[in-house]
>>> print(open('final_27.cif').read())   # mmCIF, C-alpha atoms and all ligand atoms
data_input
loop_
_atom_site.label_atom_id
_atom_site.label_comp_id
_atom_site.auth_asym_id
_atom_site.auth_seq_id
_atom_site.Cartn_x
_atom_site.Cartn_y
_atom_site.Cartn_z
CA MET A 396 -69.10 137.22 -124.55
CA SER A 397 -66.77 137.25 -121.57
CA SER A 398 -65.92 140.42 -119.68
CA GLU A 399 -64.28 138.98 -116.56
CA SER A 400 -60.51 139.60 -116.30
CA ALA A 401 -58.12 136.64 -116.27
CA LEU A 402 -55.48 138.74 -114.48
CA THR A 403 -56.92 137.88 -111.06
CA ILE A 404 -56.66 134.09 -111.50
CA LYS A 405 -54.08 132.65 -109.10
CA LEU A 406 -52.21 129.35 -108.82
CA LYS A 407 -50.81 127.73 -105.68
CA LEU A 408 -47.16 126.67 -105.71
CA ASN A 409 -45.88 123.47 -104.09
CA ASN A 410 -44.33 125.56 -101.27
CA GLY A 411 -47.70 127.10 -100.35
CA LEU A 412 -47.20 130.51 -101.99
CA GLU A 413 -49.76 131.85 -104.45
CA ALA A 414 -49.03 133.69 -107.68
CA PRO A 415 -51.14 135.22 -110.45
CA ALA A 416 -51.31 132.83 -113.41
CA ILE A 417 -50.50 135.59 -115.93
CA ALA A 418 -47.10 137.28 -115.80
CA LEU A 419 -45.94 140.19 -117.94
CA GLY A 420 -43.04 138.94 -120.10
CA THR A 421 -40.11 141.34 -120.44
CA ALA A 422 -37.54 139.72 -122.79
CA ASN A 423 -37.43 142.42 -125.42
CA PRO A 424 -35.20 143.21 -128.39
CA LYS A 425 -32.54 145.74 -127.38
CA GLU A 426 -34.21 148.74 -129.06
CA SER A 427 -37.51 148.26 -127.20
CA ARG A 428 -36.08 147.58 -123.73
CA PRO A 429 -36.48 151.18 -122.47
CA LYS A 430 -40.22 150.86 -123.24
CA VAL A 431 -40.46 148.23 -120.52
CA LYS A 432 -40.69 150.96 -117.86
CA ASP A 433 -43.93 152.32 -119.30
CA THR A 434 -45.35 148.88 -120.03
CA VAL A 435 -44.73 147.69 -116.47
CA LYS A 436 -46.47 150.81 -115.14
CA ALA A 437 -49.40 150.30 -117.53
CA ALA A 438 -49.55 146.59 -116.69
CA VAL A 439 -49.69 147.10 -112.94
CA LYS A 440 -52.31 149.84 -113.34
CA ALA A 441 -54.34 147.39 -115.49
CA GLY A 442 -54.19 144.73 -112.78
CA TYR A 443 -51.11 142.63 -113.60
CA ARG A 444 -49.42 141.50 -110.39
CA HIS A 445 -46.77 139.12 -111.78
CA ILE A 446 -43.68 140.17 -113.76
CA ASP A 447 -41.26 137.79 -115.46
CA THR A 448 -37.71 138.97 -116.04
CA ALA A 449 -34.13 137.62 -116.05
CA TRP A 450 -30.56 138.70 -115.35
CA ILE A 451 -29.78 138.36 -119.07
CA TYR A 452 -32.73 140.40 -120.43
CA GLY A 453 -31.33 143.89 -119.83
CA THR A 454 -34.76 145.02 -118.61
CA GLU A 455 -34.43 144.69 -114.83
CA GLU A 456 -33.35 148.33 -114.44
CA TYR A 457 -36.40 149.59 -116.34
CA ILE A 458 -38.66 147.37 -114.25
CA GLY A 459 -36.94 148.74 -111.13
CA GLU A 460 -37.63 152.33 -112.21
CA ALA A 461 -41.28 151.50 -112.89
CA LEU A 462 -41.70 149.75 -109.54
CA SER A 463 -40.16 152.54 -107.51
CA GLU A 464 -42.56 155.04 -109.15
CA LEU A 465 -45.55 152.73 -108.66
CA PHE A 466 -44.65 152.29 -104.97
CA ALA A 467 -44.12 156.04 -104.52
CA GLU A 468 -47.46 156.81 -106.23
CA GLY A 469 -49.18 154.32 -103.93
CA VAL A 470 -50.52 152.28 -106.88
CA VAL A 471 -49.32 148.98 -105.45
CA LYS A 472 -47.32 147.62 -102.53
CA ARG A 473 -44.32 145.34 -102.91
CA GLU A 474 -46.09 142.46 -101.17
CA GLU A 475 -48.93 142.59 -103.72
CA LEU A 476 -46.54 141.75 -106.56
CA PHE A 477 -44.93 138.50 -107.63
CA ILE A 478 -41.55 139.09 -109.31
CA THR A 479 -39.62 136.34 -111.08
CA THR A 480 -36.02 136.58 -112.26
CA LYS A 481 -33.59 133.99 -113.62
CA VAL A 482 -29.94 132.94 -113.39
CA TRP A 483 -28.15 132.69 -116.74
CA PRO A 484 -25.85 129.64 -117.31
CA SER A 485 -22.76 131.90 -117.25
CA ASN A 486 -23.49 132.32 -113.52
CA TRP A 487 -24.02 128.57 -113.03
CA ASN A 488 -21.44 128.39 -110.27
CA ASN A 489 -22.48 131.56 -108.46
CA PRO A 490 -26.24 132.07 -108.65
CA GLU A 491 -26.24 134.21 -105.51
CA ARG A 492 -24.13 136.90 -107.17
CA SER A 493 -26.53 136.90 -110.12
CA ILE A 494 -29.53 137.21 -107.80
CA ASP A 495 -27.90 140.05 -105.85
CA GLU A 496 -27.27 141.91 -109.11
CA SER A 497 -30.88 141.36 -110.19
CA LEU A 498 -32.16 142.63 -106.82
CA LYS A 499 -30.00 145.73 -107.10
CA ARG A 500 -31.24 146.52 -110.61
CA LEU A 501 -34.85 145.85 -109.61
CA GLY A 502 -34.43 147.97 -106.47
CA LEU A 503 -35.89 145.14 -104.37
CA ASP A 504 -34.72 143.22 -101.34
CA TYR A 505 -36.37 139.95 -102.36
CA VAL A 506 -37.71 138.15 -105.38
CA ASP A 507 -40.69 135.84 -105.26
CA LEU A 508 -39.22 133.30 -107.64
CA VAL A 509 -35.78 132.57 -109.07
CA LEU A 510 -35.49 130.21 -112.02
CA GLN A 511 -32.41 128.45 -113.32
CA HIS A 512 -32.69 129.84 -116.88
CA TRP A 513 -31.27 126.81 -118.75
CA PRO A 514 -29.81 123.49 -117.53
CA LEU A 515 -26.43 124.47 -119.01
CA THR A 516 -23.04 125.77 -117.89
CA PHE A 517 -21.31 128.55 -119.86
CA LYS A 518 -17.80 129.91 -119.54
CA ALA A 519 -17.84 133.43 -118.11
CA ASP A 520 -15.70 136.52 -117.73
CA ALA A 521 -14.99 138.12 -114.34
CA GLU A 522 -18.41 139.86 -114.34
CA GLY A 523 -20.29 136.64 -115.05
CA ASN A 524 -21.01 137.53 -118.69
CA PRO A 525 -20.89 134.59 -121.10
CA ILE A 526 -17.80 134.18 -123.25
CA VAL A 527 -18.98 134.16 -126.86
CA LYS A 528 -17.10 132.60 -129.77
CA ASP A 529 -18.38 132.69 -133.36
CA GLY A 530 -21.71 134.02 -132.10
CA ASN A 531 -22.24 131.19 -129.60
CA SER A 532 -21.79 131.06 -125.83
CA VAL A 533 -18.94 128.70 -125.00
CA LEU A 534 -20.01 125.72 -122.89
CA ASP A 535 -18.07 125.12 -119.67
CA GLU A 536 -17.50 121.39 -120.04
CA SER A 537 -16.10 121.18 -116.49
CA GLY A 538 -19.44 122.30 -115.05
CA ASP A 539 -22.61 120.44 -114.09
CA TYR A 540 -25.94 122.26 -114.49
CA LEU A 541 -27.28 120.55 -111.37
CA VAL A 542 -24.73 122.50 -109.30
CA THR A 543 -26.81 125.64 -109.97
CA TRP A 544 -29.96 123.95 -108.69
CA LYS A 545 -28.11 122.65 -105.58
CA LYS A 546 -26.82 126.18 -104.88
CA LEU A 547 -30.30 127.62 -105.32
CA ILE A 548 -31.59 125.07 -102.80
CA GLU A 549 -28.87 126.11 -100.31
CA LEU A 550 -29.76 129.75 -100.76
CA TYR A 551 -33.51 129.11 -100.46
CA LYS A 552 -33.03 127.08 -97.29
CA LYS A 553 -30.65 129.70 -95.85
CA ASP A 554 -32.63 132.81 -96.78
CA SER A 555 -36.17 132.27 -98.00
CA LYS A 556 -36.82 135.95 -97.29
CA LYS A 557 -34.50 136.93 -100.16
CA VAL A 558 -35.57 134.11 -102.48
CA ARG A 559 -39.13 133.07 -101.71
CA SER A 560 -39.27 130.17 -104.17
CA ILE A 561 -37.04 128.42 -106.67
CA GLY A 562 -37.74 126.77 -109.99
CA VAL A 563 -36.24 125.83 -113.32
CA SER A 564 -36.63 126.67 -116.97
CA ASN A 565 -36.03 124.78 -120.20
CA TYR A 566 -35.83 121.43 -118.39
CA THR A 567 -36.95 118.36 -120.34
CA VAL A 568 -38.50 115.31 -118.64
CA GLU A 569 -35.08 113.60 -118.56
CA TYR A 570 -33.47 116.61 -116.85
CA LEU A 571 -36.33 116.85 -114.34
CA LYS A 572 -35.97 113.15 -113.54
CA ARG A 573 -32.29 113.59 -112.70
CA LEU A 574 -33.04 116.68 -110.59
CA LEU A 575 -35.74 114.85 -108.61
CA LYS A 576 -33.48 111.84 -108.07
CA GLU A 577 -30.42 113.79 -106.89
CA THR A 578 -31.87 116.71 -104.91
CA ASP A 579 -34.50 117.22 -102.21
CA VAL A 580 -36.42 120.35 -103.28
CA VAL A 581 -39.02 120.06 -106.05
CA PRO A 582 -39.00 123.13 -108.35
CA VAL A 583 -42.23 125.13 -108.04
CA VAL A 584 -42.20 125.88 -111.77
CA ASN A 585 -40.62 124.70 -115.01
CA GLN A 586 -40.83 127.55 -117.54
CA VAL A 587 -40.65 126.31 -121.13
CA GLU A 588 -41.77 127.26 -124.61
CA LEU A 589 -45.40 126.17 -124.70
CA HIS A 590 -48.31 127.07 -127.00
CA PRO A 591 -50.71 125.34 -129.40
CA SER A 592 -47.88 124.64 -131.84
CA LEU A 593 -45.74 123.13 -129.06
CA PRO A 594 -48.13 121.67 -126.46
CA GLN A 595 -45.40 119.68 -124.62
CA VAL A 596 -48.05 117.20 -123.46
CA ASP A 597 -45.62 114.73 -121.82
CA LEU A 598 -43.65 117.46 -120.04
CA VAL A 599 -46.82 119.10 -118.69
CA LYS A 600 -48.12 115.69 -117.51
CA PHE A 601 -44.81 114.90 -115.79
CA GLY A 602 -44.87 118.29 -114.06
CA ASN A 603 -48.45 117.76 -112.89
CA GLU A 604 -47.55 114.35 -111.46
CA HIS A 605 -44.67 115.85 -109.47
CA GLY A 606 -46.12 119.16 -108.21
CA ILE A 607 -44.20 121.25 -110.75
CA ILE A 608 -46.41 123.83 -112.48
CA THR A 609 -45.43 124.32 -116.10
CA GLU A 610 -45.13 127.95 -117.15
CA ALA A 611 -45.55 128.88 -120.81
CA TYR A 612 -43.10 131.22 -122.48
CA SER A 613 -43.54 132.63 -126.00
CA PRO A 614 -47.31 131.98 -125.73
CA LEU A 615 -47.97 134.08 -128.86
CA GLY A 616 -45.12 132.46 -130.81
CA SER A 617 -42.66 135.26 -129.87
CA GLY A 618 -41.87 138.29 -132.09
CA GLY A 619 -44.78 139.27 -134.32
CA ALA A 620 -47.20 136.94 -132.50
CA PRO A 621 -47.53 134.42 -135.40
CA LEU A 622 -49.83 132.08 -133.44
CA LEU A 623 -52.65 134.62 -133.66
CA LYS A 624 -53.02 133.43 -137.26
CA LEU A 625 -53.57 129.76 -136.45
CA PRO A 626 -57.03 128.78 -137.75
CA ILE A 627 -57.96 127.03 -134.46
CA VAL A 628 -57.14 130.23 -132.57
CA GLU A 629 -59.19 132.34 -134.99
CA THR A 630 -62.10 129.89 -134.74
CA LEU A 631 -62.15 129.93 -130.94
CA ALA A 632 -61.75 133.73 -130.82
CA LYS A 633 -64.85 134.00 -133.01
CA LYS A 634 -66.75 131.40 -130.97
CA TYR A 635 -66.20 133.30 -127.70
CA ASP A 636 -66.11 136.82 -129.20
CA VAL A 637 -62.68 137.54 -127.71
CA SER A 638 -59.23 138.25 -129.18
CA GLY A 639 -56.78 135.59 -130.35
CA ALA A 640 -54.44 136.70 -127.56
CA ASP A 641 -57.22 135.96 -125.03
CA ILE A 642 -57.47 132.42 -126.45
CA LEU A 643 -53.69 131.84 -126.39
CA VAL A 644 -53.45 133.00 -122.78
CA ASN A 645 -56.53 131.12 -121.57
CA TYR A 646 -55.17 127.92 -123.15
CA HIS A 647 -52.70 127.90 -120.22
CA VAL A 648 -54.66 129.56 -117.47
CA LYS A 649 -57.63 127.20 -117.94
CA SER A 650 -55.17 124.27 -117.80
CA GLY A 651 -53.73 125.39 -114.44
CA ARG A 652 -50.48 126.72 -115.91
CA PHE A 653 -48.61 129.99 -115.68
CA VAL A 654 -48.17 132.05 -118.84
CA ALA A 655 -45.90 135.02 -119.60
CA PRO A 656 -47.13 137.00 -122.63
CA ARG A 657 -44.95 139.96 -123.60
CA SER A 658 -45.91 143.30 -125.10
CA THR A 659 -44.42 146.78 -125.10
CA ASN A 660 -47.60 148.21 -126.58
CA VAL A 661 -49.12 150.16 -123.70
CA GLU A 662 -52.64 150.07 -125.18
CA ARG A 663 -52.54 146.29 -125.53
CA VAL A 664 -51.14 145.84 -122.06
CA ALA A 665 -53.80 148.11 -120.57
CA LYS A 666 -56.52 145.83 -122.02
CA GLY A 667 -55.28 142.85 -120.00
CA PHE A 668 -56.85 139.49 -120.87
CA LYS A 669 -60.42 138.27 -120.60
CA SER A 670 -61.24 135.04 -118.83
CA VAL A 671 -62.56 132.66 -121.51
CA PRO A 672 -64.53 129.52 -120.52
CA LEU A 673 -62.62 127.17 -122.86
CA THR A 674 -64.03 123.63 -122.71
CA THR A 675 -62.04 120.41 -122.41
CA ASP A 676 -62.70 119.86 -126.11
CA ASP A 677 -61.36 123.35 -126.97
CA LEU A 678 -58.20 122.66 -124.96
CA LYS A 679 -57.80 119.27 -126.67
CA ALA A 680 -58.21 120.88 -130.09
CA LEU A 681 -55.49 123.43 -129.21
CA ASP A 682 -53.16 120.61 -128.08
CA GLN A 683 -53.92 118.65 -131.23
CA GLU A 684 -52.70 121.52 -133.42
CA GLY A 685 -49.13 121.08 -132.15
CA ILE A 686 -49.32 117.29 -131.92
CA ASP A 687 -50.06 117.31 -135.66
CA HIS A 688 -47.79 120.25 -136.66
CA PRO A 689 -45.13 120.84 -133.98
CA HIS A 690 -43.11 124.00 -134.20
CA ARG A 691 -40.62 125.59 -131.81
CA TYR A 692 -39.81 129.30 -132.12
CA ILE A 693 -37.01 129.72 -129.57
CA ASN A 694 -34.08 127.86 -131.03
CA PRO A 695 -30.72 129.05 -129.67
CA GLY A 696 -27.73 126.99 -130.84
CA PHE A 697 -26.88 125.91 -127.30
CA ALA A 698 -30.30 124.24 -126.82
CA LYS A 699 -29.09 121.25 -128.83
CA SER A 700 -26.91 120.22 -125.89
CA VAL A 701 -30.06 119.98 -123.73
CA GLY A 702 -31.42 117.48 -126.24
CA TYR A 703 -33.84 119.79 -128.08
CA GLU A 704 -33.51 117.77 -131.25
CA ASN A 705 -37.22 117.60 -132.10
CA TRP A 706 -37.76 121.07 -133.53
CA GLY A 707 -40.67 120.09 -135.73
CA GLU A 708 -41.36 121.30 -139.21
CA GLU A 709 -41.46 124.98 -140.12
CA LYS A 710 -45.16 125.68 -140.42
CA PRO A 711 -46.40 128.14 -143.03
CA PHE A 712 -48.78 130.75 -141.66
CA LYS A 713 -51.40 132.64 -143.56
P1 LIG A 801 -44.60 136.32 -126.89
O1 LIG A 801 -44.99 134.96 -127.39
O2 LIG A 801 -45.20 136.82 -125.63
O3 LIG A 801 -44.90 137.33 -128.09
C1 LIG A 801 -44.49 138.66 -128.05
C2 LIG A 801 -44.87 139.31 -129.38
O4 LIG A 801 -46.30 139.33 -129.50
C3 LIG A 801 -44.40 140.74 -129.51
O5 LIG A 801 -43.98 140.95 -130.84
C4 LIG A 801 -45.65 141.56 -129.20
O6 LIG A 801 -45.62 142.79 -129.87
C5 LIG A 801 -46.73 140.67 -129.78
N1 LIG A 801 -48.03 140.83 -129.13
C6 LIG A 801 -48.29 140.78 -127.81
N2 LIG A 801 -49.60 140.91 -127.58
C7 LIG A 801 -50.20 141.04 -128.78
C8 LIG A 801 -51.54 141.20 -129.21
N3 LIG A 801 -52.53 141.27 -128.32
N4 LIG A 801 -51.79 141.29 -130.54
C9 LIG A 801 -50.78 141.24 -131.43
N5 LIG A 801 -49.48 141.09 -131.09
C10 LIG A 801 -49.20 140.98 -129.78
O7 LIG A 801 -43.00 136.42 -126.86
P2 LIG A 801 -41.75 136.10 -125.96
O8 LIG A 801 -40.90 135.16 -126.74
O9 LIG A 801 -41.17 137.37 -125.49
O10 LIG A 801 -42.28 135.29 -124.69
C11 LIG A 801 -42.90 135.93 -123.60
C12 LIG A 801 -42.02 135.98 -122.36
O11 LIG A 801 -41.62 134.68 -121.96
C13 LIG A 801 -40.70 136.73 -122.52
O12 LIG A 801 -40.85 138.11 -122.62
C14 LIG A 801 -39.96 136.23 -121.30
O13 LIG A 801 -40.43 136.91 -120.14
C15 LIG A 801 -40.36 134.76 -121.31
N6 LIG A 801 -39.37 133.91 -122.05
C16 LIG A 801 -38.61 133.03 -121.32
C17 LIG A 801 -37.66 132.24 -121.93
C18 LIG A 801 -36.85 131.27 -121.13
O14 LIG A 801 -35.85 130.74 -121.64
N7 LIG A 801 -37.21 131.01 -119.89
C19 LIG A 801 -37.43 132.29 -123.39
C20 LIG A 801 -38.33 133.21 -124.07
C21 LIG A 801 -39.25 133.97 -123.40
P3 LIG A 801 -45.86 144.20 -129.10
O15 LIG A 801 -44.75 144.32 -128.10
O16 LIG A 801 -45.78 145.19 -130.20
O17 LIG A 801 -47.22 144.11 -128.47
#
>>> encode(input="final_27.cif", output="structure tokens")
Amino acid sequence: MSSESALTIKLKLNNGLEAPAIALGTANPKESRPKVKDTVKAAVKAGYRHIDTAWIYGTEEYIGEALSELFAEGVVKREELFITTKVWPSNWNNPERSIDESLKRLGLDYVDLVLQHWPLTFKADAEGNPIVKDGNSVLDESGDYLVTWKKLIELYKKDSKKVRSIGVSNYTVEYLKRLLKETDVVPVVNQVELHPSLPQVDLVKFGNEHGIITEAYSPLGSGGAPLLKLPIVETLAKKYDVSGADILVNYHVKSGRFVAPRSTNVERVAKGFKSVPLTTDDLKALDQEGIDHPHRYINPGFAKSVGYENWGEEKPFK
């Protein structure tokens, strides 16, 4: 039985900054976005110190409201928090405008980490919103996704008080290789879909070899948390007398990775996550699940142009 909290575990970035390994995810369906204010407040009161959001999520304003109340109530100080936001591909050519908008909505004057959300370029309207045709964002064929990264580097070098670190998201090994070859700042993080059904072993290994910490998104398998029903997760939860969510989060934390679980259920959030002493064999068994039965849950149409062709088989759950 473990009673220690995993929320206090920290990781060191390649630029020397430290951040809590567990972030509160905030990409919610439209109808539950207003709940994010209460969940952020509950999360911070429960000991979360890392929040993951993005320009595109429509939740930055709710996070901003929560933070201003938490600061006013004296629950936490700005410098005790680690806030991540992201630049959507429709802002590929002007990430600074996107960051300024995020800061305004969040009511902050700096973010701890900015991620390039996808290595893609979308056509945009005058406000930077993606132009959508037949339900899909239209790719800007004249653009190069690496321009966004180069502009983030410029901004980081010019004003590391506004943007304290920069990283990427949804990069494959091939995309990371090009980035490392053509630019001179190594991303602190690569945030990708990662869980026992998609262990991304080669991508994690490549990141480790190059000082890029891999951050897991959709750690519960996204909406409805389907991964809680995986037999290996149920077995380990029983073995350690913890919840399945504790196992799915510790799978990353005990491997030295960031993880961003999402919930708008205040009671769940208030529980936080226990630290579970998973062994090397437990971690290998969790990896093996996805090596044998790979499955990806986040499958937007545009991901194909990043080379996400290996979606794996749809896996039936109990
Ligand atoms: P998650 O894998 O975190 O799963 C969220 C779902 O799990 C919700 O339905 C939630 O329901 C449920 N849930 C959470 N905790 C529990 C629990 N203890 N027991 C049962 N059910 C639970 O989903 P996401 O896809 O949102 O991924 C997490 C975060 O990762 C995002 O919010 C976002 O911050 C980031 N992300 C980044 C992406 C990128 O491109 N960079 C893409 C996708 C996500 P409830 O709310 O009712 O608790």
>>> residues_near_ligand(input="final_27.cif", ligand="ligand LIG 801 (chain A)", cutoff="6 Å", atoms="only C-alpha atoms and all ligand atoms", output="PyMOL selection string")
chain A and resi 420-422+447-448+512+564+586-587+612-620+640+655-660+663
>>> atom_distance(input="final_27.cif", atom1="CA of Lys407 (chain A)", atom2="CA of Ala441 (chain A)")
22.3 Å
>>> residues_around(input="final_27.cif", residues="Asp495 (chain A)", least_positions_apart="4", cutoff="12 Å", atoms="all atoms listed in the file", output="list in words")
Trp450, Thr480, Lys481, Val482, Asn486, Asn489, Pro490, Glu491, Lys499, Arg500, Leu501, Gly502, Leu503, Asp504, Tyr505, Val506, Val509, Leu550, Lys557 and Val558 of chain A
>>> residues_around(input="final_27.cif", residues="region 629-637 of chain A", least_positions_apart="5", cutoff="12 Å", atoms="all atoms listed in the file", output="MDAnalysis selection string")
chainID A and resid 396:400 621:624 642:646 666:674 676:678 680:681 713
>>> closest_residue(input="final_27.cif", among="A:Trp483, A:Arg428, A:Asn603, A:Tyr540", to="Ala519 (chain A)", atoms="only C-alpha atoms")
A:Trp483
>>> atom_distance(input="final_27.cif", atom1="CA of Leu510 (chain A)", atom2="CA of Leu465 (chain A)")
24.9 Å
>>> build_atoms(input="final_27.cif", residues="region 615-624 of chain A", atoms="all heavy atoms", output="short mmCIF file (atom, residue, chain, number, x, y, z; two decimals), keeping the file's coordinate frame")
data_model
loop_
_atom_site.label_atom_id
_atom_site.label_comp_id
_atom_site.auth_asym_id
_atom_site.auth_seq_id
_atom_site.Cartn_x
_atom_site.Cartn_y
_atom_site.Cartn_z
N LEU A 615 -47.41 133.57 -127.59
CA LEU A 615 -47.97 134.08 -128.86
C LEU A 615 -47.09 133.68 -130.05
O LEU A 615 -47.34 134.09 -131.18
CB LEU A 615 -48.08 135.61 -128.80
CG LEU A 615 -48.94 136.15 -127.65
CD1 LEU A 615 -48.63 137.61 -127.36
CD2 LEU A 615 -50.41 136.00 -127.97
N GLY A 616 -46.04 132.88 -129.75
CA GLY A 616 -45.12 132.46 -130.81
C GLY A 616 -43.97 133.44 -130.97
O GLY A 616 -43.31 133.48 -132.00
N SER A 617 -43.75 134.28 -129.93
CA SER A 617 -42.66 135.26 -129.87
C SER A 617 -42.87 136.39 -130.90
O SER A 617 -44.02 136.64 -131.29
CB SER A 617 -41.31 134.56 -130.00
OG SER A 617 -40.32 135.32 -129.33
N GLY A 618 -41.77 137.05 -131.31
CA GLY A 618 -41.87 138.29 -132.09
C GLY A 618 -42.89 138.23 -133.23
O GLY A 618 -42.87 137.31 -134.04
N GLY A 619 -43.77 139.22 -133.26
CA GLY A 619 -44.78 139.27 -134.32
C GLY A 619 -46.03 138.45 -134.04
O GLY A 619 -46.98 138.47 -134.83
N ALA A 620 -46.03 137.71 -132.94
CA ALA A 620 -47.20 136.94 -132.50
C ALA A 620 -47.81 136.07 -133.61
O ALA A 620 -49.01 136.15 -133.88
CB ALA A 620 -48.25 137.89 -131.92
N PRO A 621 -47.01 135.20 -134.26
CA PRO A 621 -47.53 134.42 -135.40
C PRO A 621 -48.69 133.49 -135.05
O PRO A 621 -49.51 133.19 -135.92
CB PRO A 621 -46.31 133.61 -135.87
CG PRO A 621 -45.38 133.59 -134.69
CD PRO A 621 -45.58 134.90 -133.98
N LEU A 622 -48.78 133.07 -133.77
CA LEU A 622 -49.83 132.08 -133.44
C LEU A 622 -51.24 132.66 -133.50
O LEU A 622 -52.22 131.92 -133.54
CB LEU A 622 -49.56 131.48 -132.05
CG LEU A 622 -48.26 130.68 -131.96
CD1 LEU A 622 -48.00 130.24 -130.52
CD2 LEU A 622 -48.30 129.45 -132.86
N LEU A 623 -51.32 134.01 -133.53
CA LEU A 623 -52.65 134.62 -133.66
C LEU A 623 -53.31 134.22 -134.98
O LEU A 623 -54.52 134.30 -135.12
CB LEU A 623 -52.54 136.15 -133.59
CG LEU A 623 -52.11 136.72 -132.24
CD1 LEU A 623 -51.88 138.23 -132.34
CD2 LEU A 623 -53.15 136.41 -131.17
N LYS A 624 -52.47 133.78 -135.94
CA LYS A 624 -53.02 133.43 -137.26
C LYS A 624 -53.39 131.96 -137.39
O LYS A 624 -53.89 131.53 -138.44
CB LYS A 624 -52.00 133.79 -138.34
CG LYS A 624 -51.71 135.27 -138.40
CD LYS A 624 -51.08 135.64 -139.74
CE LYS A 624 -50.72 137.10 -139.77
NZ LYS A 624 -49.29 137.35 -139.59
#
